[in-house]
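Report on the structure given below.
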Amino acid sequence: MYAIVAGGGKVGANLARSLLRMGHEVTLIEQSQYRFDRLQEEFQHQILLGDATELHVLELAGIVRPPELVLAVTGDDEDNLIICQLAREGYRVPKVVARVNDPRNQEHFDLLGIGQTVCATSNILGLVEHEVPEHGIVRLLELRKENLEIVELQVDRDSPAAGKRVAGLTLPDGSRLISVMRGGKSELAHDSTVLRPGDQVLAVVEPGKEDQLYRVLVKR
Amino acid sequence: MKLVVIGCGRVGASLARDFRADGWEVTAVDEKEEALSRLGSDWSGGFVVGHGMDSEILRRAGADEADAVVVATNGDNTNLVIGQVVKKRYGVECVVVRILDPARAEFYAERGMQVVCPTKTAIAALGEAVRKTTAALAEH
């Protein structure tokens with residue numbers, strides 16, 4: 001596979017390194033002379049000095065081939081967004097992935113159709129929420145392409161679902177229970193599974209229906 | 001009519017003053033508070049301090065109900081993103097974006113964006129000046 005990695009900071013340099021080790025062909029683009037000088041000995045002809053939002057730099061990196069993958073992982077969200085648009089719309093790169101540095105910019109990536117994004121802050125926050133079960137509903141995984149997400153909820157003593165069979169619940173359309181974790185053991189949720197207080201339930205749900213699901217399972 | 005100018009440098013500030021003088025309702029946005037001074041001590045329009053990538057700032061500047069938005073910060077990519085966001089999120093039909101890099105300007109113009117590229121204008125004007133002057137000198 002051929003990949004272009006835009007941004008030679010810690011994220012970009014390590015991605016390029018890993019892809020090379022996996023046997024892929026890589027060009028890393030870095031615009032700061034300082035960083036370029038430090039990376040050149042390691043990456044040799046696989047690193048290019050330049051601004052990856054300039055078309056001629058992308059073309060020097062071989063974007064017209066086009067590569068199977070472009071990773072836009074600079075420290076600047078606007079740059080990452082533009083690199084993705086240029087690659088996808090200008091050169092038909094099949095897969096582009098952008099790093100989101102400031103989670104507040106996520107909505108811009110979504111609005112402008114850059115679906116594949118990675119935001120370290122949001123990911124870490126997700127993990128923190130996972131460790132705090134009293135938080136109402138925890139988003140574990142967002143499947144953007146499928147327009148689904150996997151969430152976790154905890155059934156309480158007063159929850160409407162406590163003591164009920166899964167088949168007897170009126171779950172919102174576009175949601176389904178996956179599994180129930182009880183006493184450290186997890187089991188797939190069947191129609192006959194009876195929910196008990198303290199159960200941690202994994203569910204798959206369409207974005208926007210989490211509240212309805214929460215009201216059926218946890219609190220009215 | 002209501003105009004929002006994002007990026008209140010020399011270009012943005014002059015534009016804001018022009019339209020204000022024409023009786024438009026104008027709000028300028030800039031990251032730096034000092035930019036306000038470019039609008040003059042008699043500035044009667046609005047001014048919002050903040051980054052144009054921040055939706056809250058855009059809303060406070062009234063981008064959601066503007067007739068026109070001009071994006072002229074000093075970053076091409078910032079301008080391109082803000083311009084697209086304003087158009088798509090708020091449905092503003094007149095969004096004009098300044099892009100210094102001719103290649104990116106052309107790329108986005110082809111995709112329906114209204115862009116102004118001062119670099120291209122300068123190249124054309126300089127070439128024209130040289131051609132005209134040398135032709136005039138040759139006639140002598």
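Simple scheme: letters A, B, ... for chains in structure tokens order, numbers from 1 for residues in each chain, numbers from 1 for ligands in the order shown.
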Please check the contacts: residues of chain B at most 10 Å away from chain A, using only C-alpha atoms, listed as number ranges by chain.
B: 53-55, 75-82, 84-85, 88-89, 101-104, 107-108, 111
Quick one: pick out all alpha helix (DSSP H) residues within chain B from a backbone DSSP run and write them as number ranges by chain.
B: 10-21, 55-60, 76-90, 102-110, 118-139
Do a neighbour search on Asp156 (chain A) at 12 Å with only C-alpha atoms, toss out local chain neighbours closer than 4 positions, and write the hits as a PyMOL selection string.
chain A and resi 133-134+136+160-163+195-201+214-220
Contacts of region 119-128 of chain B at 12 Å (only C-alpha atoms; same-chain gap of 4+ positions) as a compact mmCIF listing (two decimals) with N, CA, C and O atoms, in the first residue's frame:
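Result file selection-v2.txt:
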# COMPACT_ATOMS: atom_id res chain seq x y z
N ARG B 98 -10.98 35.08 0.91
CA ARG B 98 -9.68 35.48 0.35
C ARG B 98 -8.68 34.34 0.47
O ARG B 98 -8.50 33.78 1.55
N ILE B 99 -8.06 33.98 -0.66
CA ILE B 99 -7.06 32.91 -0.68
C ILE B 99 -5.82 33.45 -1.37
O ILE B 99 -5.88 33.87 -2.53
N LEU B 100 -4.69 33.41 -0.68
CA LEU B 100 -3.46 33.93 -1.28
C LEU B 100 -2.84 32.95 -2.27
O LEU B 100 -2.26 33.34 -3.26
N ASP B 101 -2.95 31.65 -1.99
CA ASP B 101 -2.34 30.65 -2.86
C ASP B 101 -3.20 30.42 -4.10
O ASP B 101 -4.32 29.94 -4.00
N PRO B 102 -2.67 30.77 -5.31
CA PRO B 102 -3.47 30.64 -6.53
C PRO B 102 -3.97 29.21 -6.78
O PRO B 102 -5.07 29.02 -7.27
N ALA B 103 -3.16 28.22 -6.43
CA ALA B 103 -3.54 26.83 -6.72
C ALA B 103 -4.77 26.43 -5.90
O ALA B 103 -5.72 25.86 -6.41
N ARG B 104 -4.73 26.75 -4.60
CA ARG B 104 -5.88 26.40 -3.76
C ARG B 104 -7.10 27.26 -4.14
O ARG B 104 -8.22 26.80 -4.10
N ALA B 105 -6.83 28.52 -4.53
CA ALA B 105 -7.93 29.40 -4.92
C ALA B 105 -8.68 28.80 -6.11
O ALA B 105 -9.91 28.72 -6.13
N GLU B 106 -7.91 28.32 -7.09
CA GLU B 106 -8.52 27.74 -8.29
C GLU B 106 -9.26 26.45 -7.95
O GLU B 106 -10.39 26.23 -8.40
N VAL B 115 -14.09 32.81 -4.46
CA VAL B 115 -12.79 33.15 -3.89
C VAL B 115 -12.19 34.36 -4.60
O VAL B 115 -12.45 34.59 -5.77
N LYS B 132 2.64 47.17 -20.91
CA LYS B 132 2.20 48.50 -21.35
C LYS B 132 3.37 49.47 -21.42
O LYS B 132 3.55 50.20 -22.39
N THR B 133 4.19 49.46 -20.33
CA THR B 133 5.29 50.41 -20.26
C THR B 133 6.33 50.13 -21.33
O THR B 133 6.82 51.06 -21.99
N THR B 134 6.70 48.84 -21.51
CA THR B 134 7.71 48.54 -22.53
C THR B 134 7.19 48.87 -23.92
O THR B 134 7.94 49.35 -24.77
N ALA B 135 5.90 48.63 -24.15
CA ALA B 135 5.33 48.95 -25.47
C ALA B 135 5.37 50.45 -25.72
O ALA B 135 5.72 50.91 -26.80
If we count only C-alpha atoms and set the cut-off at 8 Å, which residues sit around Glu31 (chain B), ignoring sequence neighbours fewer than 2 positions away in its own chain? Please answer as a list of chain:residue names.
B:Gly7, B:Val29, B:Glu33, B:Val49, B:Gly50, B:His51, B:Gly52
Closest of B:Ala66, B:Cys8, B:Leu58, B:Ala16 to Leu36 (chain B) - atom-to-atom distances counting only C-alpha atoms:
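Distance minimum relative to Leu36 (chain B) lands on B:Cys8.
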